[in-house]
file data.txt (compact mmCIF, C-alpha atoms)
# COMPACT_ATOMS: atom_id res chain seq x y z
CA MET A 360 0.00 0.00 0.00
CA SER A 361 1.23 3.47 -0.75
CA VAL A 362 -0.67 6.56 0.19
CA THR A 363 0.47 10.10 0.86
CA THR A 364 -1.46 12.76 2.69
CA ALA A 365 -0.96 16.49 2.36
CA SER A 366 -2.46 19.65 3.78
CA THR A 367 -2.07 23.37 3.44
CA THR A 368 -3.49 26.59 4.77
CA ALA A 369 -1.78 28.81 2.21
CA SER A 370 -4.27 31.42 1.12
CA SER A 371 -3.36 31.76 -2.54
CA ILE A 372 -4.46 28.89 -4.74
CA GLU A 373 -1.14 28.79 -6.54
CA GLN A 374 0.82 28.53 -3.31
CA ALA A 375 -1.64 26.07 -1.77
CA VAL A 376 -1.50 23.69 -4.72
CA ASP A 377 2.31 23.97 -4.93
CA ASP A 378 2.38 23.06 -1.26
CA ILE A 379 0.17 20.01 -1.76
CA ARG A 380 2.12 18.91 -4.84
CA GLU A 381 5.42 19.20 -2.98
CA GLN A 382 4.18 17.05 -0.09
CA CYS A 383 3.15 14.42 -2.64
CA ASN A 384 6.48 14.36 -4.43
CA GLY A 385 7.36 10.87 -3.32
CA ILE A 386 4.43 9.25 -5.05
CA SER A 387 3.19 8.73 -8.62
CA PRO A 388 -0.49 8.98 -7.92
CA LYS A 389 -3.21 7.13 -9.75
CA MET A 390 -5.88 9.02 -7.83
CA VAL A 391 -5.86 12.25 -5.82
CA LEU A 392 -8.78 12.98 -3.53
CA PHE A 393 -8.94 16.45 -2.04
CA PHE A 394 -11.23 18.40 0.24
CA ALA A 395 -10.99 22.18 0.14
CA SER A 396 -12.47 24.91 2.28
CA SER A 397 -15.00 27.05 0.42
CA ARG A 398 -12.65 30.00 0.79
CA TYR A 399 -10.82 28.62 -2.25
CA ASP A 400 -12.53 29.61 -5.49
CA PRO A 401 -14.19 26.39 -6.73
CA VAL A 402 -13.37 26.79 -10.41
CA LEU A 403 -9.76 27.79 -9.79
CA ILE A 404 -8.96 25.16 -7.16
CA SER A 405 -10.41 22.33 -9.22
CA ARG A 406 -8.44 23.38 -12.29
CA ALA A 407 -5.22 23.95 -10.32
CA MET A 408 -5.39 20.55 -8.58
CA HIS A 409 -6.11 18.84 -11.89
CA ASP A 410 -3.18 20.58 -13.57
CA ALA A 411 -0.86 19.80 -10.66
CA PHE A 412 -1.70 16.08 -10.84
CA SER A 413 -2.33 15.70 -14.54
CA GLU A 414 -1.22 12.06 -14.46
CA ALA A 415 -3.89 11.14 -11.90
CA GLN A 416 -7.64 11.02 -11.58
CA VAL A 417 -8.41 14.04 -9.42
CA LEU A 418 -11.67 14.48 -7.55
CA GLY A 419 -12.86 16.38 -4.52
CA CYS A 420 -15.37 18.76 -3.03
CA SER A 421 -15.85 21.88 -0.93
CA THR A 422 -16.12 21.48 2.83
CA ALA A 423 -17.17 22.91 6.18
CA GLY A 424 -13.87 21.96 7.85
CA GLU A 425 -11.15 19.46 7.09
CA ILE A 426 -9.36 16.56 8.78
CA ILE A 427 -5.80 15.36 8.26
CA SER A 428 -3.97 12.64 10.21
CA GLY A 429 -3.96 13.81 13.81
CA ARG A 430 -5.58 17.20 13.28
CA VAL A 431 -8.89 18.91 12.66
CA MET A 432 -8.41 21.88 10.36
CA LYS A 433 -10.29 24.91 9.07
CA ASP A 434 -9.86 27.06 5.95
CA SER A 435 -7.46 24.50 4.52
CA ILE A 436 -7.03 21.95 1.76
CA VAL A 437 -6.34 18.32 2.57
CA ALA A 438 -5.44 15.73 -0.03
CA MET A 439 -4.67 12.05 -0.29
CA ALA A 440 -2.70 10.59 -3.18
CA PHE A 441 -2.99 6.87 -3.97
CA ASP A 442 -0.64 5.00 -6.25
CA GLU A 443 -1.15 1.71 -8.08
CA ARG A 444 -0.02 -0.25 -5.04
CA THR A 445 -3.23 0.93 -3.32
CA ILE A 446 -5.75 1.41 -6.10
CA GLU A 447 -5.70 -1.11 -8.92
CA GLY A 448 -8.48 0.52 -10.90
CA ILE A 449 -10.58 3.66 -10.82
CA ALA A 450 -13.48 4.93 -12.87
CA CYS A 451 -15.22 8.26 -12.29
CA SER A 452 -18.33 9.90 -13.63
CA LEU A 453 -20.44 12.95 -12.98
CA VAL A 454 -24.12 13.08 -12.11
CA SER A 455 -24.59 16.48 -13.70
CA ASP A 456 -28.08 17.01 -12.28
CA VAL A 457 -28.75 15.19 -9.02
CA THR A 458 -32.47 15.88 -9.30
CA SER A 459 -32.70 13.92 -12.55
CA PRO A 460 -32.92 10.10 -12.61
CA ASP A 461 -31.72 10.21 -16.23
CA SER A 462 -28.58 12.04 -15.22
CA LEU A 463 -27.79 9.36 -12.62
CA ALA A 464 -28.48 6.64 -15.19
CA ASP A 465 -26.06 8.34 -17.60
CA ALA A 466 -23.37 8.55 -14.92
CA VAL A 467 -23.80 4.88 -14.05
CA ARG A 468 -23.61 3.91 -17.75
CA GLU A 469 -20.41 5.92 -18.04
CA LEU A 470 -18.89 4.01 -15.11
CA GLU A 471 -19.96 0.71 -16.64
CA ASP A 472 -18.48 1.63 -20.02
CA GLU A 473 -15.22 2.57 -18.36
CA ILE A 474 -14.84 -0.66 -16.40
CA GLY A 475 -16.52 -2.85 -18.99
CA THR A 476 -18.89 -4.53 -16.51
CA PRO A 477 -22.46 -3.74 -15.43
CA LEU A 478 -22.58 -2.40 -11.88
CA ASP A 479 -24.97 -5.14 -10.82
CA GLU A 480 -22.36 -7.78 -11.68
CA LEU A 481 -19.55 -6.26 -9.65
CA ASP A 482 -18.26 -8.09 -6.59
CA PHE A 483 -18.96 -5.86 -3.57
CA GLN A 484 -15.93 -7.37 -1.84
CA GLN A 485 -13.56 -6.22 -4.57
CA TYR A 486 -14.98 -2.81 -5.44
CA VAL A 487 -16.04 0.19 -3.40
CA GLY A 488 -17.59 3.47 -4.46
CA ILE A 489 -17.07 7.02 -3.27
CA ILE A 490 -19.79 9.62 -3.72
CA LEU A 491 -19.31 13.36 -3.26
CA ILE A 492 -22.56 15.26 -3.68
CA ASP A 493 -23.83 18.82 -3.55
CA GLY A 494 -24.73 19.33 0.11
CA LEU A 495 -27.48 21.84 -0.55
CA SER A 496 -29.31 19.91 -3.27
CA GLY A 497 -31.58 17.95 -0.92
CA SER A 498 -31.25 15.05 -3.34
CA GLU A 499 -28.97 12.67 -1.50
CA GLU A 500 -31.68 10.20 -0.49
CA ARG A 501 -32.92 9.66 -4.03
CA VAL A 502 -29.42 9.30 -5.48
CA MET A 503 -28.34 6.83 -2.79
CA ASP A 504 -31.60 4.90 -3.04
CA ARG A 505 -31.22 4.44 -6.79
CA LEU A 506 -27.53 3.58 -6.54
CA GLY A 507 -28.42 0.95 -3.97
CA ASP A 508 -30.97 -0.52 -6.36
CA LEU A 509 -28.42 -0.76 -9.14
CA THR A 510 -25.50 -2.33 -7.33
CA ASP A 511 -24.35 -4.25 -4.28
CA VAL A 512 -21.13 -2.25 -4.28
CA THR A 513 -21.07 0.05 -1.26
CA PHE A 514 -20.99 3.73 -2.09
CA ILE A 515 -19.72 5.81 0.81
CA GLY A 516 -19.20 9.54 0.93
CA GLY A 517 -20.37 12.91 2.01
CA SER A 518 -22.35 15.97 1.11
CA ALA A 519 -20.12 18.91 0.21
CA GLY A 520 -20.10 21.91 2.54
CA ASP A 521 -19.44 25.63 2.33
CA ASP A 522 -18.15 26.53 5.80
CA LEU A 523 -21.68 27.03 7.16
CA LYS A 524 -22.57 29.79 4.71
CA PHE A 525 -25.29 27.58 3.18
CA GLN A 526 -25.04 29.37 -0.13
CA SER A 527 -23.37 27.02 -2.58
CA THR A 528 -21.42 23.77 -2.39
CA HIS A 529 -19.26 22.23 -5.10
CA VAL A 530 -17.93 18.88 -6.27
CA TYR A 531 -14.78 18.63 -8.36
CA LEU A 532 -13.86 16.30 -11.18
CA ASP A 533 -11.40 16.47 -14.07
CA GLY A 534 -10.49 20.08 -13.37
CA LYS A 535 -14.02 21.40 -13.28
CA ALA A 536 -16.36 22.48 -10.47
CA TYR A 537 -20.02 21.61 -10.34
CA THR A 538 -23.08 22.43 -8.25
CA ASN A 539 -26.32 20.42 -8.12
CA ALA A 540 -24.10 17.50 -9.07
CA ALA A 541 -22.41 14.41 -7.67
CA VAL A 542 -19.10 12.74 -8.42
CA LEU A 543 -19.12 8.95 -8.45
CA ALA A 544 -15.81 7.12 -8.14
CA LEU A 545 -15.62 3.36 -8.42
CA LEU A 546 -12.43 1.97 -6.91
CA LYS A 547 -10.83 -1.44 -7.10
CA PRO A 548 -8.43 -1.40 -4.16
CA VAL A 549 -5.44 -3.72 -4.25
CA GLY A 550 -5.87 -4.91 -0.68
CA GLU A 551 -8.62 -5.31 1.85
CA PHE A 552 -10.90 -2.42 2.72
CA ASP A 553 -13.86 -1.90 4.99
CA ILE A 554 -16.42 0.65 6.11
CA ILE A 555 -16.82 2.30 9.50
CA LYS A 556 -20.13 3.91 10.35
CA THR A 557 -20.19 5.50 13.77
CA GLN A 558 -22.62 7.77 15.53
CA SER A 559 -22.63 8.72 19.17
CA PHE A 560 -26.13 8.10 20.42
CA LYS A 561 -28.05 5.59 22.43
CA PRO A 562 -31.73 4.89 21.78
CA LEU A 563 -34.18 5.90 24.46
CA GLU A 564 -37.26 3.80 25.08
CA ILE A 565 -39.43 6.21 23.12
CA THR A 566 -40.64 5.71 19.55
CA LEU A 567 -41.89 8.47 17.30
CA VAL A 568 -43.78 7.41 14.17
CA PRO A 569 -44.20 10.04 11.45
CA THR A 570 -47.88 9.97 10.57
CA LYS A 571 -47.89 12.93 8.17
CA VAL A 572 -44.86 13.97 6.14
CA ASN A 573 -43.74 15.90 3.10
CA GLU A 574 -40.81 13.82 1.90
CA ASP A 575 -39.60 16.34 -0.67
CA ARG A 576 -39.28 19.04 1.99
CA ARG A 577 -37.81 16.61 4.58
CA GLU A 578 -40.73 17.78 6.69
CA VAL A 579 -42.63 15.94 9.40
CA MET A 580 -46.00 17.49 10.12
CA GLU A 581 -47.15 14.85 12.60
CA PHE A 582 -45.57 12.30 14.90
CA ASN A 583 -47.92 9.76 16.49
CA ASP A 584 -50.92 11.72 15.05
CA MET A 585 -49.88 14.86 16.93
CA PRO A 586 -48.25 18.05 15.62
CA ALA A 587 -44.61 17.03 15.27
CA PRO A 588 -43.08 19.73 17.52
CA LEU A 589 -45.56 18.93 20.28
CA ALA A 590 -44.96 15.16 20.06
CA TYR A 591 -41.18 15.62 20.04
CA ALA A 592 -41.27 18.06 22.97
CA ARG A 593 -43.58 15.82 25.02
CA ALA A 594 -41.34 12.83 24.39
CA LEU A 595 -38.48 14.76 25.96
CA GLY A 596 -40.58 16.37 28.69
CA VAL A 597 -39.82 19.91 27.55
CA SER A 598 -41.86 22.75 26.07
CA VAL A 599 -42.15 23.25 22.31
CA GLU A 600 -40.14 26.47 22.73
CA GLU A 601 -37.29 24.57 24.37
CA ALA A 602 -37.38 21.68 21.90
CA PRO A 603 -34.96 23.12 19.27
CA LYS A 604 -32.27 23.38 21.94
CA ARG A 605 -32.44 19.59 22.19
CA PHE A 606 -32.21 18.84 18.46
CA MET A 607 -28.45 18.28 18.42
CA HIS A 608 -28.41 16.00 21.46
CA ASN A 609 -31.71 14.25 20.81
CA PRO A 610 -32.21 13.45 17.13
CA VAL A 611 -34.16 10.39 16.02
CA GLY A 612 -32.89 7.15 14.53
CA LEU A 613 -34.28 4.68 12.06
CA VAL A 614 -33.55 1.36 13.73
CA THR A 615 -32.07 -1.29 11.44
CA GLY A 616 -31.53 -4.33 13.63
CA ASP A 617 -28.73 -3.51 16.06
CA ASP A 618 -27.76 -0.30 14.27
CA PHE A 619 -29.61 2.92 13.47
CA PHE A 620 -29.53 5.64 10.84
CA VAL A 621 -29.73 9.09 12.40
CA ARG A 622 -32.19 11.70 11.15
CA SER A 623 -31.52 15.13 12.65
CA PRO A 624 -34.19 17.76 13.19
CA ARG A 625 -33.20 21.12 11.75
CA GLN A 626 -35.88 23.58 12.80
CA ILE A 627 -39.48 24.02 13.77
CA GLU A 628 -41.60 25.67 11.09
CA GLY A 629 -45.18 26.29 12.14
CA ASP A 630 -46.58 22.94 13.25
CA SER A 631 -43.87 20.95 11.50
CA ILE A 632 -40.29 19.91 12.09
CA LEU A 633 -37.88 20.16 9.17
CA PHE A 634 -35.12 17.56 9.10
CA TYR A 635 -31.69 17.31 7.49
CA CYS A 636 -32.81 14.02 6.00
CA MET A 637 -35.98 12.58 4.55
CA VAL A 638 -38.21 10.45 6.75
CA LYS A 639 -41.07 8.36 5.48
CA GLU A 640 -44.55 7.98 6.86
CA GLY A 641 -44.91 4.97 9.14
CA MET A 642 -41.19 4.55 9.86
CA GLU A 643 -40.53 3.79 13.51
CA LEU A 644 -37.98 6.27 14.77
CA ALA A 645 -36.27 5.89 18.12
CA LEU A 646 -35.62 9.02 20.10
CA LEU A 647 -31.87 9.18 20.69
CA GLU A 648 -29.60 10.66 23.31
CA SER A 649 -26.04 11.74 22.62
CA THR A 650 -23.02 9.93 24.01
CA ASP A 651 -19.27 10.62 23.82
CA ILE A 652 -18.11 11.18 20.22
CA VAL A 653 -14.39 10.83 20.97
CA ALA A 654 -14.78 7.62 22.99
CA ASP A 655 -17.24 6.06 20.54
CA THR A 656 -15.13 6.92 17.51
CA ARG A 657 -11.99 5.58 19.15
CA ARG A 658 -13.78 2.32 19.86
CA ALA A 659 -15.14 2.03 16.32
CA VAL A 660 -11.81 2.81 14.63
CA ASP A 661 -9.75 0.61 16.96
CA GLU A 662 -12.10 -2.31 16.45
CA LYS A 663 -11.97 -2.04 12.66
CA VAL A 664 -8.21 -1.66 12.61
CA ARG A 665 -7.96 -4.75 14.78
CA GLN A 666 -10.29 -6.69 12.48
CA LEU A 667 -8.31 -5.68 9.40
CA GLY A 668 -4.98 -6.24 11.09
CA GLY A 669 -3.81 -2.68 10.42
CA ALA A 670 -4.77 0.39 8.41
CA SER A 671 -2.82 2.16 5.71
CA ALA A 672 -5.36 4.87 4.87
CA LEU A 673 -8.66 6.26 6.06
CA ILE A 674 -11.13 8.69 4.50
CA ASN A 675 -13.49 10.25 7.03
CA PHE A 676 -16.83 11.82 6.06
CA HIS A 677 -17.61 13.58 9.30
CA CYS A 678 -20.89 15.35 9.98
CA ILE A 679 -20.66 19.08 10.57
CA LEU A 680 -23.02 18.71 13.54
CA ARG A 681 -20.51 16.34 15.15
CA ALA A 682 -17.73 18.80 14.35
CA LEU A 683 -19.70 21.63 15.97
CA GLU A 684 -20.39 19.56 19.07
CA LEU A 685 -16.71 18.64 19.39
CA GLU A 686 -15.76 22.28 18.97
CA GLU A 687 -18.32 23.38 21.56
CA LYS A 688 -16.85 20.87 24.03
CA GLY A 689 -13.26 21.75 23.18
CA GLN A 690 -12.69 18.20 21.95
CA ASP A 691 -11.64 18.73 18.35
CA GLY A 692 -8.00 18.21 19.26
CA ALA A 693 -8.85 14.92 20.96
CA TYR A 694 -10.92 13.88 17.95
CA GLY A 695 -8.14 14.68 15.49
CA SER A 696 -5.62 12.77 17.58
CA LEU A 697 -7.65 9.58 17.08
CA PHE A 698 -6.26 9.53 13.55
CA THR A 699 -2.63 10.29 14.36
CA ASP A 700 -1.37 6.82 13.49
CA ILE A 701 -3.40 6.32 10.33
CA PRO A 702 -2.85 8.31 7.12
CA THR A 703 -6.18 10.13 7.10
CA ILE A 704 -8.09 12.81 5.29
CA GLY A 705 -11.64 13.88 5.83
CA PHE A 706 -14.03 16.76 5.88
CA SER A 707 -16.98 18.12 7.80
CA THR A 708 -19.98 17.27 5.67
CA TYR A 709 -23.53 18.47 5.25
CA GLY A 710 -24.63 14.81 5.35
CA GLU A 711 -23.08 11.38 5.15
CA GLU A 712 -23.73 8.68 2.63
CA TYR A 713 -23.72 4.94 3.30
CA ILE A 714 -26.52 2.75 1.94
CA GLY A 715 -28.67 5.84 2.42
CA HIS A 716 -28.33 9.46 3.46
CA ILE A 717 -27.53 9.94 7.15
CA ASN A 718 -27.01 12.73 9.68
CA GLN A 719 -24.75 13.19 12.73
CA THR A 720 -22.60 10.25 11.70
CA SER A 721 -19.10 9.58 10.46
CA THR A 722 -18.81 7.22 7.54
CA MET A 723 -15.25 6.14 6.85
CA LEU A 724 -13.52 4.11 4.18
CA ILE A 725 -10.54 2.30 5.61
CA PHE A 726 -7.83 0.46 3.69
CA LYS A 727 -5.68 -2.28 5.17
CA MET B 1423 -56.03 -12.22 2.48
CA THR B 1424 -52.82 -11.87 4.44
CA GLY B 1425 -49.08 -12.45 4.24
CA LYS B 1426 -48.33 -11.41 0.67
CA ILE B 1427 -46.22 -8.41 1.65
CA LYS B 1428 -44.09 -10.48 4.02
CA ARG B 1429 -43.55 -13.09 1.32
CA MET B 1430 -42.59 -10.45 -1.24
CA ILE B 1431 -40.08 -8.89 1.17
CA ASP B 1432 -38.54 -12.28 1.89
CA ILE B 1433 -38.21 -13.05 -1.82
CA ILE B 1434 -36.53 -9.68 -2.49
CA ILE B 1435 -34.01 -10.32 0.29
CA GLU B 1436 -33.33 -13.91 -0.78
CA LYS B 1437 -32.93 -13.16 -4.48
CA ARG B 1438 -30.85 -10.04 -3.98
CA SER B 1439 -28.50 -11.59 -1.43
CA ASN B 1440 -28.17 -14.97 -3.12
CA GLY B 1441 -27.44 -16.52 0.27
CA ASN B 1442 -24.69 -14.05 1.20
CA GLU B 1443 -25.19 -12.91 4.81
CA VAL B 1444 -23.60 -9.48 4.29
CA LEU B 1445 -25.84 -8.77 1.30
CA LYS B 1446 -28.83 -10.07 3.24
CA ASN B 1447 -28.22 -7.45 5.93
CA THR B 1448 -27.56 -4.71 3.39
CA THR B 1449 -30.73 -5.54 1.48
CA ARG B 1450 -32.73 -5.54 4.71
CA THR B 1451 -31.33 -2.10 5.51
CA LYS B 1452 -32.13 -0.83 2.02
CA LEU B 1453 -35.72 -2.02 2.44
CA ILE B 1454 -36.02 -0.43 5.89
CA ILE B 1455 -34.83 2.88 4.43
CA LYS B 1456 -37.43 2.50 1.68
CA GLY B 1457 -40.07 2.11 4.41
CA TYR B 1458 -40.40 -1.68 4.46
CA ASN B 1459 -38.96 -3.05 7.67
CA PRO B 1460 -38.97 -6.86 7.25
CA ASP B 1461 -39.52 -7.30 11.00
CA ARG B 1462 -42.73 -5.26 10.93
CA TRP B 1463 -44.50 -7.51 8.44
CA THR B 1464 -45.77 -11.00 9.21
CA LEU B 1465 -47.80 -13.66 7.47
CA GLN B 1466 -50.79 -12.18 9.31
CA SER B 1467 -50.31 -8.69 7.82
CA GLU B 1468 -53.18 -7.56 5.60
CA ASP B 1469 -52.58 -7.57 1.83
CA ASP B 1470 -52.71 -3.82 1.23
CA PRO B 1471 -52.94 -3.35 -2.58
CA ALA B 1472 -51.11 0.00 -2.50
CA LYS B 1473 -48.21 -1.47 -0.52
CA ILE B 1474 -48.09 -4.51 -2.79
CA ALA B 1475 -47.91 -2.29 -5.88
CA GLU B 1476 -45.14 -0.24 -4.27
CA LEU B 1477 -43.16 -3.36 -3.38
CA LYS B 1478 -43.54 -4.68 -6.93
CA GLN B 1479 -42.00 -1.44 -8.17
CA ILE B 1480 -39.19 -1.68 -5.60
CA ALA B 1481 -38.46 -5.23 -6.79
CA ARG B 1482 -38.41 -4.07 -10.42
CA ASP B 1483 -36.08 -1.19 -9.51
CA MET B 1484 -33.77 -3.67 -7.81
CA GLY B 1485 -33.80 -5.94 -10.83
CA ILE B 1486 -35.70 -8.72 -9.09
CA GLU B 1487 -38.50 -10.80 -10.57
CA LEU B 1488 -41.10 -11.68 -7.99

call {"tool": "encode", "arguments": {"input": "data.txt", "output": "structure tokens"}}
result
Amino acid sequence: MSVTTASTTASSIEQAVDDIREQCNGISPKMVLFFASSRYDPVLISRAMHDAFSEAQVLGCSTAGEIISGRVMKDSIVAMAFDERTIEGIACSLVSDVTSPDSLADAVRELEDEIGTPLDELDFQQYVGIILIDGLSGSEERVMDRLGDLTDVTFIGGSAGDDLKFQSTHVYLDGKAYTNAAVLALLKPVGEFDIIKTQSFKPLEITLVPTKVNEDRREVMEFNDMPAPLAYARALGVSVEEAPKRFMHNPVGLVTGDDFFVRSPRQIEGDSILFYCMVKEGMELALLESTDIVADTRRAVDEKVRQLGGASALINFHCILRALELEEKGQDGAYGSLFTDIPTIGFSTYGEEYIGHINQTSTMLIFK
Amino acid sequence: MTGKIKRMIDIIIEKRSNGNEVLKNTTRTKLIIKGYNPDRWTLQSEDDPAKIAELKQIARDMGIEL
């Protein structure tokens, strides 16, 4: 395995990319994955990274914070370069309009043409997918749902950020920058790989069932046949006015056996609650309570490293809400240090992708 | 009539996973996210025509013949 990580906080794009290129001098990369703060002009940074690594497949996205081995960063660029000892094959395509099923179908066809095999025939133990998607498109659920229909290969990734400005997020491929789009990368790693999905919550003994929703707006009008804010507040024993203060620490989770997929409330609007993720009518959602992100992540990473017998690289798609909580508690240093011994890059996302679209979670791709 | 939805769910999971335990779990999770939790349906569940039509479409989308 051969992977190199690089980071920079240089403010000019030219200097920043020179810096990244220099740190990657010891490697002939087949693929370069980079995550860049939104302070870097999207068009210019995508072109500059592509030009700097013209021999490699270059892809990336804008962020709301970055992670490099051992450190949590802000206003920076982080990159990971993989050579052919790590990645045997790579195919990339662009979903140019994430709201269009045809656009996704085109992107999938492009991947299939490139690798010469239909996605539904690929061995999920030999291939893994990365998805980087516009974090303000509200389309992640549909894209992930359809991808999951088409293939058993796991697609893992994150929703691009823009440093909490909520104006515009970008994905990068082949030297160009796109909004309302997604980059799909299909990798054939040389060695073993695995997925980590970790969230720091425990389910309480309270179930909320959405009985009236607007899926397109990620809106729940009613839980348990009651106005959603009232039902949520009652479940926690607080007033409706106090309820939003509990959103971060008490989201809800779709229980899937012994795991759950977090759905985070965003705000109360009239008699509804708007979420960061779509929920469907009739789904049973457990009310959750937050636990210790640093301790839980350490446990999850250590366990996976032990199972794999070591780790040579890790890509961390880390929810911005987790990043904010860590910052609020002064724990971002402790969180970053969890990745000191593993070559790591990551970014603070506007949503995480793994099987579906998730909130307040870290999804990680780890290579042996 | 009862039980059709449970049987359809089981067939989707079996055909999609082809006996592989990892794929069985993944397919179950995909169905739960789509709103069809396999544990919530039994052979006593009513045959709701709307749900059956939706599941048929899900099977088609997943490339499975029921």

call {"tool": "interface_residues", "arguments": {"input": "data.txt", "of": "chain A", "to": "chain B", "cutoff": "7 Å", "atoms": "all atoms listed in the file", "output": "list in words"}}
result
Asp508, Leu509, Thr615, Lys639, Met642 and Ile714 of chain A

call {"tool": "residues_around", "arguments": {"input": "data.txt", "residues": "segment 605-607 of chain A", "least_positions_apart": "4", "cutoff": "8 Å", "atoms": "all atoms listed in the file", "output": "list in words"}}
result
Glu601, Ser623, Pro624, Arg625 and Leu680 of chain A

call {"tool": "closest_residue", "arguments": {"input": "data.txt", "among": "B:Ala1472, B:Leu1477, B:Lys1446, B:Ser1467", "to": "Ile1431 of chain B", "atoms": "only C-alpha atoms"}}
result
B:Leu1477

call {"tool": "residues_around", "arguments": {"input": "data.txt", "residues": "Asp461 of chain A", "least_positions_apart": "6", "cutoff": "12 Å", "atoms": "only C-alpha atoms", "output": "number ranges by chain"}}
result
A: 454-455, 467-468, 502, 505

call {"tool": "write_last_selection", "arguments": {"input": "data.txt", "atoms": "C-alpha atoms", "output": "mmCIF file, in the coordinates of the input"}}
result
data_model
loop_
_atom_site.group_PDB
_atom_site.id
_atom_site.type_symbol
_atom_site.label_atom_id
_atom_site.label_comp_id
_atom_site.auth_asym_id
_atom_site.auth_seq_id
_atom_site.Cartn_x
_atom_site.Cartn_y
_atom_site.Cartn_z
ATOM 1 C CA VAL A 454 -24.120 13.080 -12.110
ATOM 2 C CA SER A 455 -24.590 16.480 -13.700
ATOM 3 C CA VAL A 467 -23.800 4.880 -14.050
ATOM 4 C CA ARG A 468 -23.610 3.910 -17.750
ATOM 5 C CA VAL A 502 -29.420 9.300 -5.480
ATOM 6 C CA ARG A 505 -31.220 4.440 -6.790
#

call {"tool": "closest_residue", "arguments": {"input": "data.txt", "among": "A:Met432, A:Val487, A:Leu481, A:Ile632", "to": "Glu578 of chain A", "atoms": "only C-alpha atoms"}}
result
A:Ile632

call {"tool": "residues_around", "arguments": {"input": "data.txt", "residues": "segment 405-419 of chain A", "least_positions_apart": "3", "cutoff": "6 Å", "atoms": "all atoms listed in the file", "output": "list of chain:residue names"}}
result
A:Pro388, A:Lys389, A:Met390, A:Val391, A:Leu392, A:Phe393, A:Phe394, A:Val402, A:Val530, A:Tyr531, A:Leu532, A:Gly534, A:Lys535

call {"tool": "write_last_selection", "arguments": {"input": "data.txt", "atoms": "C-alpha atoms", "output": "PDB file, in the coordinates of the input"}}
result
ATOM      1  CA  PRO A 388      -0.490   8.980  -7.920  1.00  0.00           C
ATOM      2  CA  LYS A 389      -3.210   7.130  -9.750  1.00  0.00           C
ATOM      3  CA  MET A 390      -5.880   9.020  -7.830  1.00  0.00           C
ATOM      4  CA  VAL A 391      -5.860  12.250  -5.820  1.00  0.00           C
ATOM      5  CA  LEU A 392      -8.780  12.980  -3.530  1.00  0.00           C
ATOM      6  CA  PHE A 393      -8.940  16.450  -2.040  1.00  0.00           C
ATOM      7  CA  PHE A 394     -11.230  18.400   0.240  1.00  0.00           C
ATOM      8  CA  VAL A 402     -13.370  26.790 -10.410  1.00  0.00           C
ATOM      9  CA  VAL A 530     -17.930  18.880  -6.270  1.00  0.00           C
ATOM     10  CA  TYR A 531     -14.780  18.630  -8.360  1.00  0.00           C
ATOM     11  CA  LEU A 532     -13.860  16.300 -11.180  1.00  0.00           C
ATOM     12  CA  GLY A 534     -10.490  20.080 -13.370  1.00  0.00           C
ATOM     13  CA  LYS A 535     -14.020  21.400 -13.280  1.00  0.00           C
TER      14      LYS A 535
END

call {"tool": "residues_around", "arguments": {"input": "data.txt", "residues": "segment 424-431 of chain A", "least_positions_apart": "5", "cutoff": "6 Å", "atoms": "all atoms listed in the file", "output": "count of residues only"}}
result
10

call {"tool": "closest_residue", "arguments": {"input": "data.txt", "among": "A:Phe582, A:Tyr635, A:Phe560, A:Tyr591", "to": "Gly612 of chain A", "atoms": "all atoms listed in the file"}}
result
A:Phe560

call {"tool": "atom_distance", "arguments": {"input": "data.txt", "atom1": "atom CA of Lys1428 of chain B", "atom2": "atom CA of Gly507 of chain A"}}
result
21.0 Å

call {"tool": "closest_residue", "arguments": {"input": "data.txt", "among": "A:Ala659, A:Val512, A:Leu506, A:Ile701", "to": "Glu480 of chain A", "atoms": "only C-alpha atoms"}}
result
A:Val512

call {"tool": "decode", "arguments": {"input": "data.txt", "residues": "segment 1464-1476 of chain B", "atoms": "C-alpha atoms", "output": "compact mmCIF listing (two decimals), in the first residue's frame"}}
result
# COMPACT_ATOMS: atom_id res chain seq x y z
CA THR B 1464 -45.77 -11.00 9.21
CA LEU B 1465 -47.80 -13.66 7.47
CA GLN B 1466 -50.79 -12.18 9.31
CA SER B 1467 -50.31 -8.69 7.82
CA GLU B 1468 -53.18 -7.56 5.60
CA ASP B 1469 -52.58 -7.57 1.83
CA ASP B 1470 -52.71 -3.82 1.23
CA PRO B 1471 -52.94 -3.35 -2.58
CA ALA B 1472 -51.11 0.00 -2.50
CA LYS B 1473 -48.21 -1.47 -0.52
CA ILE B 1474 -48.09 -4.51 -2.79
CA ALA B 1475 -47.91 -2.29 -5.88
CA GLU B 1476 -45.14 -0.24 -4.27
